[in-house]
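A.B. asks: To start, I am sharing the structure in question, which I have written as structure tokens.
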Amino acid sequence: MAPIKRIGILTGGGDAPGLNAVIRAVVKTAWNSGIGCVGLEDSYDGLLEFDRSRILAPRDVTGILRLGGTILGTINTGNPYDSIIQTSDGPRKYGERVIDMFHKMGLDALVVIGGDGTLAIGHEFCKLGVPLVGVPKTIDNDIVGTTNCFGFDTAVAFATDAIDRLHTTAEAHHRVMIVEVMGRNAGWIALYAGVAGGADAILIPEIPFDIEIVAERLRARDKWGAKFSIVVAAEGAFPKGGKVTLQAAANDTHVERLGGIGAQLCEPLAVLTNKETRSVVLGHLQRGGAPTSFDRVLATRFGAKAVELIQQGQFGTMVAWDPPDIISRRLEDVVGKTKTVPMDSDLLQTARALGVTFGD
Ligand code: F6P
């Protein structure tokens with residue numbers, strides 16, 4: 001294998017705290033091995049034109065470890081491989097242009113930091129001869145093959161803090177507070193933040209709920225003297241026999257947007273519990289802000305490992321956390337799948353043992 005001299009870095013999909021920590025780790029590790037880095041702007045779009053990229057040296061990434069967002073920008077659209085786009089060389093197929101420019105820019109490999117969508121596109125480019133290594137990112141923690149993605153811990157910490165704050169106002173007003181959290185079709189954020197925040201009901205997509213069972217649990221609390229309750233609902237949670245609540249259906253460029261289950265549960269729960277009920281949507285606040293120390297460490301380890309895999313020529317792989325080690329997985333074994341909360345999850349069982357209802 002020819003020595004690696006120059007690698008491109010891109011961030012794709014929804015942002016997650018820790019993206020900048022990965023970029024910094026890649027740039028510094030590569031630099032110390034004599035490898036140059038090129039930052040590609042807005043995911044694979046950074047490979048469409050020369051002016052959508054810039055050289056990244058250690059001085060360009062100093063101070064970004066603690067910053068949320070991504071200094072490279074990101075986009076969250078569907079697989080654009082076959083779409084025809086206008087380029088400075090005339091109309092081209094998106095995918096062909098990306099591969100062509102990868103070579104014209106003198107890149108030897110890519111580090112692709114993203115969720116399932118970005119990694120799946122990367123897997124396709126890899127099959128077409130673009131050597132690359134993936135880094136799993138998502139606050140949803142739903143990527144197969146890694147115990148944690150960076151960003152998840154920060155989202156859970158934020159949601160837990162929000163639940164703590166809602167506890168005091170719920171108690172003061174003897175109300176039911178419903179907290180809607182993100183997570184798409186996986187209940188990881190709801191489960192972890194729900195347990196960490198002491199929720200009384202946790203509704204996750206993996207367990208379709210019965211609202212009467214949820215209400216019964218809240219009424220029982222009233223009987224023994226707790227005049228308030230906290231319900232954490234994952235945005236992807238849905239009632240038995242019902243459907244996920246959507247803000248917008250999928251279209252040509254964007255996957256479906258989930259959201260609204262919290263507001264939808266307000267009135268029925270108020271009626272069934274005879275208590276004032278309010279809902280709060282945490283939304284994109286869960287994706288913003290500084291990464292936790294856990295996510296900074298994980299992101300840093302992921303970035304350094306990605307450079308190591310590239311140097312070893314282990315392309316078509318993704319770095320992953322298999323505690324206590326950072327390992328590699330084949331992209332073909334992880335893309336196109338979703339890691340949901342298993343029914344034998346220890347945390348799920350623990351929550352049940354404490355009396356938390358999942359509405360089933
Ligand atoms: O995948 C991360 C995530 O934040 C999901 O939890 C959420 O459903 C989605 O992205 C929101 O996407 P957008 O930023 O495009 O609205």
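Each chain in the structure tokens gets a letter, A, B and so on, in the order shown; residues start at 1 in every chain, and ligands are counted from 1 in the order they appear.
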Name the residues, by chain letter and number, that sit within 10 Å of ligand 1 using only C-alpha atoms and all ligand atoms, and give them as JSON, numbers by chain.

C.D. replies: {"A": [13, 14, 15, 16, 75, 76, 77, 114, 115, 116, 117, 137, 138, 139, 140, 141, 142, 151, 152, 155, 181, 182, 183, 184, 185, 186, 187, 189, 234, 235, 236, 246, 247, 248, 254, 255, 256, 257, 258, 259, 283, 284, 285, 286, 287]}

A.B. asks: Taking the backbone alone, and naming residues the way the document does, which bits of stretch 268-349 of chain A are strand (DSSP E or B) by DSSP, as JSON, numbers by chain?

C.D. replies: {"A": [277, 278, 279, 280, 281, 317, 318, 319, 320, 321, 322, 325, 326, 327, 328, 329, 330]}

A.B. asks: Filtering to N, CA and C atoms, could you give me those residues as an mmCIF file, in the first residue's frame?

C.D. replies:
data_model
loop_
_atom_site.group_PDB
_atom_site.id
_atom_site.type_symbol
_atom_site.label_atom_id
_atom_site.label_comp_id
_atom_site.auth_asym_id
_atom_site.auth_seq_id
_atom_site.Cartn_x
_atom_site.Cartn_y
_atom_site.Cartn_z
ATOM 1 N N THR A 277 -52.047 18.987 33.180
ATOM 2 C CA THR A 277 -50.929 18.324 32.498
ATOM 3 C C THR A 277 -50.324 19.281 31.482
ATOM 4 N N ARG A 278 -49.008 19.333 31.450
ATOM 5 C CA ARG A 278 -48.292 20.189 30.504
ATOM 6 C C ARG A 278 -47.230 19.375 29.785
ATOM 7 N N SER A 279 -46.888 19.810 28.577
ATOM 8 C CA SER A 279 -45.813 19.098 27.878
ATOM 9 C C SER A 279 -44.721 20.066 27.429
ATOM 10 N N VAL A 280 -43.507 19.540 27.382
ATOM 11 C CA VAL A 280 -42.331 20.318 26.972
ATOM 12 C C VAL A 280 -41.575 19.487 25.936
ATOM 13 N N VAL A 281 -41.174 20.139 24.846
ATOM 14 C CA VAL A 281 -40.369 19.446 23.830
ATOM 15 C C VAL A 281 -38.934 19.957 23.940
ATOM 16 N N THR A 317 -14.321 0.377 7.068
ATOM 17 C CA THR A 317 -14.590 0.048 8.470
ATOM 18 C C THR A 317 -15.138 1.265 9.207
ATOM 19 N N MET A 318 -15.582 1.016 10.429
ATOM 20 C CA MET A 318 -16.064 2.083 11.307
ATOM 21 C C MET A 318 -15.412 1.866 12.657
ATOM 22 N N VAL A 319 -14.957 2.932 13.302
ATOM 23 C CA VAL A 319 -14.455 2.775 14.662
ATOM 24 C C VAL A 319 -15.657 2.537 15.576
ATOM 25 N N ALA A 320 -15.428 1.838 16.671
ATOM 26 C CA ALA A 320 -16.549 1.509 17.564
ATOM 27 C C ALA A 320 -16.025 1.355 18.980
ATOM 28 N N TRP A 321 -16.916 1.561 19.945
ATOM 29 C CA TRP A 321 -16.551 1.384 21.358
ATOM 30 C C TRP A 321 -17.102 0.056 21.844
ATOM 31 N N ASP A 322 -16.175 -0.822 22.220
ATOM 32 C CA ASP A 322 -16.542 -2.107 22.800
ATOM 33 C C ASP A 322 -15.807 -2.133 24.133
ATOM 34 N N ASP A 325 -12.404 -1.143 25.032
ATOM 35 C CA ASP A 325 -11.554 -0.896 23.862
ATOM 36 C C ASP A 325 -12.266 -0.122 22.738
ATOM 37 N N ILE A 326 -11.452 0.547 21.948
ATOM 38 C CA ILE A 326 -11.939 1.110 20.678
ATOM 39 C C ILE A 326 -11.509 0.117 19.610
ATOM 40 N N ILE A 327 -12.464 -0.361 18.848
ATOM 41 C CA ILE A 327 -12.198 -1.419 17.871
ATOM 42 C C ILE A 327 -12.674 -0.965 16.490
ATOM 43 N N SER A 328 -12.567 -1.860 15.512
ATOM 44 C CA SER A 328 -13.136 -1.528 14.196
ATOM 45 C C SER A 328 -14.208 -2.552 13.837
ATOM 46 N N ARG A 329 -15.199 -2.102 13.102
ATOM 47 C CA ARG A 329 -16.270 -2.978 12.578
ATOM 48 C C ARG A 329 -16.330 -2.781 11.068
ATOM 49 N N ARG A 330 -16.758 -3.794 10.350
ATOM 50 C CA ARG A 330 -16.971 -3.648 8.911
ATOM 51 C C ARG A 330 -18.225 -2.801 8.682
#

A.B. asks: Please report the interatomic distance between atom CA of A:Pro324 and atom CA of A:Pro131 in Å with one decimal.

C.D. replies: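 These two atoms are separated by 27.3 Å.
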
A.B. asks: Record the distance separating atom CA of A:Ala172 and atom CA of A:Phe209, expressed in Å with one decimal.

C.D. replies: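 Computing it gives 27.7 Å between the two atoms.
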
A.B. asks: I'd like to know which residues of stretch 117-338 of chain A are alpha helix (DSSP H) (by DSSP, run on the backbone); could you write them as JSON, numbers by chain?

C.D. replies: {"A": [117, 118, 119, 120, 121, 122, 123, 124, 125, 126, 127, 152, 153, 154, 155, 156, 157, 158, 159, 160, 161, 162, 163, 164, 165, 166, 167, 168, 169, 170, 171, 172, 173, 188, 189, 190, 191, 192, 193, 194, 195, 196, 211, 212, 213, 214, 215, 216, 217, 218, 219, 220, 221, 222, 223, 261, 262, 263, 264, 265, 266, 267, 268, 269, 270, 271, 272, 273, 293, 294, 295, 296, 297, 298, 299, 300, 301, 302, 303, 304, 305, 306, 307, 308, 309, 310, 311, 331, 332, 333, 334]}

A.B. asks: From the options A:Ile207, A:Leu347, A:Ala233, A:Val133, which residue's atoms come nearest to A:Glu180, counting only C-alpha atoms?

C.D. replies: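 With only C-alpha atoms as the atom set, the closest residue is A:Ala233.
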
A.B. asks: Contacts of stretch 52-54 of chain A at 10 Å or less, counting only C-alpha atoms, minus same-chain residues fewer than 2 places along, as an mmCIF file with N, CA, C and O atoms, in the first residue's frame?

C.D. replies:
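Below is the file that was written, result-v9.cif:
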data_model
loop_
_atom_site.group_PDB
_atom_site.id
_atom_site.type_symbol
_atom_site.label_atom_id
_atom_site.label_comp_id
_atom_site.auth_asym_id
_atom_site.auth_seq_id
_atom_site.Cartn_x
_atom_site.Cartn_y
_atom_site.Cartn_z
ATOM 1 N N GLY A 8 -9.052 13.470 3.755
ATOM 2 C CA GLY A 8 -10.161 14.416 3.849
ATOM 3 C C GLY A 8 -11.036 14.039 5.040
ATOM 4 O O GLY A 8 -11.163 12.861 5.379
ATOM 5 N N ILE A 9 -11.630 15.055 5.672
ATOM 6 C CA ILE A 9 -12.532 14.822 6.819
ATOM 7 C C ILE A 9 -13.859 15.495 6.516
ATOM 8 O O ILE A 9 -13.880 16.659 6.089
ATOM 9 N N LEU A 10 -14.947 14.788 6.772
ATOM 10 C CA LEU A 10 -16.259 15.430 6.606
ATOM 11 C C LEU A 10 -17.198 15.014 7.732
ATOM 12 O O LEU A 10 -17.015 13.964 8.355
ATOM 13 N N CYS A 37 -4.263 17.081 6.426
ATOM 14 C CA CYS A 37 -5.734 16.934 6.454
ATOM 15 C C CYS A 37 -6.407 18.052 5.674
ATOM 16 O O CYS A 37 -5.967 19.198 5.704
ATOM 17 N N VAL A 38 -7.496 17.688 5.019
ATOM 18 C CA VAL A 38 -8.324 18.658 4.303
ATOM 19 C C VAL A 38 -9.731 18.555 4.888
ATOM 20 O O VAL A 38 -10.325 17.470 4.914
ATOM 21 N N GLY A 39 -10.253 19.670 5.362
ATOM 22 C CA GLY A 39 -11.619 19.696 5.892
ATOM 23 C C GLY A 39 -12.592 19.940 4.762
ATOM 24 O O GLY A 39 -12.437 20.897 3.989
ATOM 25 N N LEU A 40 -13.594 19.073 4.631
ATOM 26 C CA LEU A 40 -14.584 19.171 3.547
ATOM 27 C C LEU A 40 -15.873 19.752 4.133
ATOM 28 O O LEU A 40 -16.371 19.259 5.157
ATOM 29 N N GLU A 41 -16.387 20.797 3.504
ATOM 30 C CA GLU A 41 -17.542 21.498 4.076
ATOM 31 C C GLU A 41 -18.871 20.848 3.715
ATOM 32 O O GLU A 41 -19.068 20.423 2.570
ATOM 33 N N ASP A 42 -19.766 20.809 4.688
ATOM 34 C CA ASP A 42 -21.139 20.337 4.473
ATOM 35 C C ASP A 42 -21.199 18.922 3.905
ATOM 36 O O ASP A 42 -21.745 18.693 2.810
ATOM 37 N N TYR A 44 -20.610 15.430 2.128
ATOM 38 C CA TYR A 44 -19.987 15.077 0.841
ATOM 39 C C TYR A 44 -19.999 16.255 -0.136
ATOM 40 O O TYR A 44 -19.271 16.236 -1.127
ATOM 41 N N ASP A 45 -20.817 17.283 0.134
ATOM 42 C CA ASP A 45 -20.825 18.476 -0.734
ATOM 43 C C ASP A 45 -19.441 19.115 -0.787
ATOM 44 O O ASP A 45 -19.115 19.807 -1.748
ATOM 45 N N GLY A 46 -18.634 18.888 0.249
ATOM 46 C CA GLY A 46 -17.281 19.444 0.294
ATOM 47 C C GLY A 46 -16.376 18.871 -0.788
ATOM 48 O O GLY A 46 -15.273 19.375 -1.009
ATOM 49 N N LEU A 47 -16.858 17.813 -1.459
ATOM 50 C CA LEU A 47 -16.072 17.214 -2.546
ATOM 51 C C LEU A 47 -16.594 17.622 -3.927
ATOM 52 O O LEU A 47 -16.195 17.054 -4.933
ATOM 53 N N LEU A 48 -17.498 18.604 -3.952
ATOM 54 C CA LEU A 48 -18.058 18.990 -5.256
ATOM 55 C C LEU A 48 -17.196 20.024 -5.972
ATOM 56 O O LEU A 48 -17.094 20.021 -7.189
ATOM 57 N N GLU A 49 -16.609 20.942 -5.196
ATOM 58 C CA GLU A 49 -15.794 22.016 -5.785
ATOM 59 C C GLU A 49 -14.565 22.230 -4.898
ATOM 60 O O GLU A 49 -14.636 22.021 -3.685
ATOM 61 N N PHE A 50 -13.483 22.704 -5.491
ATOM 62 C CA PHE A 50 -12.263 22.944 -4.701
ATOM 63 C C PHE A 50 -12.493 23.955 -3.584
ATOM 64 O O PHE A 50 -11.926 23.847 -2.509
ATOM 65 N N LEU A 56 -6.541 21.733 7.000
ATOM 66 C CA LEU A 56 -6.659 21.826 8.461
ATOM 67 C C LEU A 56 -5.339 21.409 9.101
ATOM 68 O O LEU A 56 -4.906 20.262 8.955
ATOM 69 N N ALA A 57 -4.700 22.348 9.778
ATOM 70 C CA ALA A 57 -3.476 22.071 10.530
ATOM 71 C C ALA A 57 -3.826 22.198 12.022
ATOM 72 O O ALA A 57 -4.908 22.711 12.354
ATOM 73 N N LEU A 72 -16.967 22.264 10.249
ATOM 74 C CA LEU A 72 -17.025 21.955 8.814
ATOM 75 C C LEU A 72 -18.425 22.116 8.230
ATOM 76 O O LEU A 72 -18.607 22.046 7.009
ATOM 77 N N MET A 105 -8.427 16.153 -5.879
ATOM 78 C CA MET A 105 -7.929 16.881 -4.709
ATOM 79 C C MET A 105 -6.711 16.204 -4.089
ATOM 80 O O MET A 105 -6.176 16.676 -3.089
#

A.B. asks: A:Thr168: which residues within 12 Å, counting only C-alpha atoms, same-chain residues fewer than 3 positions away excluded, as a PyMOL selection string?

C.D. replies: chain A and resi 161-165+171-177+197+227-230

A.B. asks: Need to verify the contact set: A:Leu218, 7 Å, only C-alpha atoms, exclusion of same-chain residues closer than 4 positions in sequence. Can you return it as a ChimeraX atom specification?

C.D. replies: /A:214,222,229,273

A.B. asks: For the residues selected in the previous step, produce a file with all heavy atoms as a tab-separated table (two decimals), in the first residue's frame.

C.D. replies:
chain	number	residue	atom	x	y	z
A	214	VAL	N	-50.60	3.90	31.71
A	214	VAL	CA	-49.76	5.03	32.15
A	214	VAL	C	-50.53	5.83	33.21
A	214	VAL	O	-50.01	6.14	34.29
A	214	VAL	CB	-49.39	5.95	30.96
A	214	VAL	CG1	-48.59	7.16	31.44
A	214	VAL	CG2	-48.61	5.17	29.91
A	222	ASP	N	-50.71	9.49	43.15
A	222	ASP	CA	-51.57	10.44	43.85
A	222	ASP	C	-52.07	9.84	45.17
A	222	ASP	O	-52.08	10.50	46.21
A	222	ASP	CB	-52.78	10.77	42.97
A	222	ASP	CG	-52.81	12.23	42.59
A	222	ASP	OD1	-51.71	12.83	42.52
A	222	ASP	OD2	-53.91	12.76	42.38
A	229	SER	N	-46.31	14.10	38.75
A	229	SER	CA	-45.64	13.00	38.06
A	229	SER	C	-44.88	13.51	36.86
A	229	SER	O	-45.22	14.55	36.28
A	229	SER	CB	-46.66	11.95	37.56
A	229	SER	OG	-47.20	11.25	38.66
A	273	THR	N	-56.25	11.34	34.60
A	273	THR	CA	-55.65	11.49	35.94
A	273	THR	C	-56.35	12.57	36.75
A	273	THR	O	-56.10	12.71	37.95
A	273	THR	CB	-54.15	11.86	35.85
A	273	THR	OG1	-54.05	13.11	35.14
A	273	THR	CG2	-53.36	10.79	35.14

A.B. asks: Quote the spacing between atom CA of A:Ala220 and atom CA of A:Glu267 in Å to one decimal place.

C.D. replies: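 Pair atom CA of A:Ala220 / atom CA of A:Glu267 returns 18.8 Å.
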
A.B. asks: Fewer than 4 positions away in the same chain doesn't count, so skip those; otherwise give me all residues within 12 Å of A:Ser33, counting only C-alpha atoms, as an MDAnalysis selection string.

C.D. replies: chainID A and resid 3:7 26:29 37 304 307:308 310:311

A.B. asks: Compare A:Gly106, A:Gly289, A:Gly316, A:Pro208 by their minimum atom-to-atom distance to A:Phe125, counting only C-alpha atoms, and give me the closest one.

C.D. replies: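 Nearest to A:Phe125: A:Gly316.
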
A.B. asks: Quick one: of A:Pro17, A:Gly359, A:Gly242, A:Gly95, who's nearest to A:Leu65, counting only C-alpha atoms?

C.D. replies: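 Comparing A:Pro17, A:Gly359, A:Gly242, A:Gly95 against A:Leu65, the winner is A:Pro17.
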
A.B. asks: So that I can check the surroundings of A:Lys127, please list as a list in words every protein, DNA and RNA residue that reaches within 12 Å of it, counting only C-alpha atoms and ignoring chain neighbours fewer than 2 positions away.

C.D. replies: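 The filter keeps Ile99, Ala120, Ile121, Gly122, His123, Glu124, Phe125, Gly129, Val130, Pro131, Leu132, Phe315, Gly316, Thr317, Leu331 and Glu332 of chain A.
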
A.B. asks: Please, could you write that set of residues out with N, CA and C atoms as a PDB file, in the first residue's frame?

C.D. replies:
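Output file again-v3.pdb is given in full below:
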ATOM      1  N   ILE A  99     -16.508  11.309  -6.498  1.00  0.00           N
ATOM      2  CA  ILE A  99     -15.381  10.376  -6.684  1.00  0.00           C
ATOM      3  C   ILE A  99     -14.284  11.041  -7.530  1.00  0.00           C
ATOM      4  N   ALA A 120     -23.834   4.990   5.479  1.00  0.00           N
ATOM      5  CA  ALA A 120     -24.330   4.143   4.379  1.00  0.00           C
ATOM      6  C   ALA A 120     -23.881   4.705   3.028  1.00  0.00           C
ATOM      7  N   ILE A 121     -23.931   6.037   2.890  1.00  0.00           N
ATOM      8  CA  ILE A 121     -23.440   6.662   1.650  1.00  0.00           C
ATOM      9  C   ILE A 121     -21.939   6.390   1.520  1.00  0.00           C
ATOM     10  N   GLY A 122     -21.222   6.520   2.642  1.00  0.00           N
ATOM     11  CA  GLY A 122     -19.783   6.249   2.640  1.00  0.00           C
ATOM     12  C   GLY A 122     -19.491   4.820   2.209  1.00  0.00           C
ATOM     13  N   HIS A 123     -20.314   3.901   2.687  1.00  0.00           N
ATOM     14  CA  HIS A 123     -20.134   2.488   2.329  1.00  0.00           C
ATOM     15  C   HIS A 123     -20.250   2.316   0.814  1.00  0.00           C
ATOM     16  N   GLU A 124     -21.215   3.028   0.196  1.00  0.00           N
ATOM     17  CA  GLU A 124     -21.383   2.952  -1.264  1.00  0.00           C
ATOM     18  C   GLU A 124     -20.149   3.517  -1.974  1.00  0.00           C
ATOM     19  N   PHE A 125     -19.672   4.674  -1.521  1.00  0.00           N
ATOM     20  CA  PHE A 125     -18.475   5.271  -2.147  1.00  0.00           C
ATOM     21  C   PHE A 125     -17.270   4.347  -1.981  1.00  0.00           C
ATOM     22  N   GLY A 129     -14.534   2.455  -4.750  1.00  0.00           N
ATOM     23  CA  GLY A 129     -13.090   2.718  -4.783  1.00  0.00           C
ATOM     24  C   GLY A 129     -12.594   3.899  -3.982  1.00  0.00           C
ATOM     25  N   VAL A 130     -13.451   4.513  -3.153  1.00  0.00           N
ATOM     26  CA  VAL A 130     -12.968   5.601  -2.296  1.00  0.00           C
ATOM     27  C   VAL A 130     -12.587   4.998  -0.934  1.00  0.00           C
ATOM     28  N   PRO A 131     -11.293   4.984  -0.584  1.00  0.00           N
ATOM     29  CA  PRO A 131     -10.906   4.382   0.690  1.00  0.00           C
ATOM     30  C   PRO A 131     -11.352   5.266   1.852  1.00  0.00           C
ATOM     31  N   LEU A 132     -12.083   4.714   2.762  1.00  0.00           N
ATOM     32  CA  LEU A 132     -12.543   5.548   3.881  1.00  0.00           C
ATOM     33  C   LEU A 132     -12.779   4.742   5.158  1.00  0.00           C
ATOM     34  N   PHE A 315      -9.781  -0.054   5.273  1.00  0.00           N
ATOM     35  CA  PHE A 315     -10.864   0.778   4.745  1.00  0.00           C
ATOM     36  C   PHE A 315     -12.199   0.017   4.748  1.00  0.00           C
ATOM     37  N   GLY A 316     -13.279   0.790   4.635  1.00  0.00           N
ATOM     38  CA  GLY A 316     -14.600   0.151   4.681  1.00  0.00           C
ATOM     39  C   GLY A 316     -14.957  -0.269   6.090  1.00  0.00           C
ATOM     40  N   THR A 317     -14.321   0.377   7.068  1.00  0.00           N
ATOM     41  CA  THR A 317     -14.590   0.048   8.470  1.00  0.00           C
ATOM     42  C   THR A 317     -15.138   1.265   9.207  1.00  0.00           C
ATOM     43  N   LEU A 331     -18.147  -1.833   7.805  1.00  0.00           N
ATOM     44  CA  LEU A 331     -19.324  -0.995   7.526  1.00  0.00           C
ATOM     45  C   LEU A 331     -20.505  -1.835   7.062  1.00  0.00           C
ATOM     46  N   GLU A 332     -20.202  -2.875   6.274  1.00  0.00           N
ATOM     47  CA  GLU A 332     -21.307  -3.699   5.750  1.00  0.00           C
ATOM     48  C   GLU A 332     -22.081  -4.403   6.878  1.00  0.00           C
TER      49      GLU A 332
END

A.B. asks: Between A:Ala215, A:Lys243, A:Pro291, A:Arg352, which is the closest to A:Val271 once you count only C-alpha atoms?

C.D. replies: A:Ala215

A.B. asks: For A:Ala159, which of A:Glu96, A:Ile213, A:Gly288, A:Tyr81 is the closest residue, counting only C-alpha atoms?

C.D. replies: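 Of the candidates, the smallest distance to A:Ala159 is held by A:Gly288.
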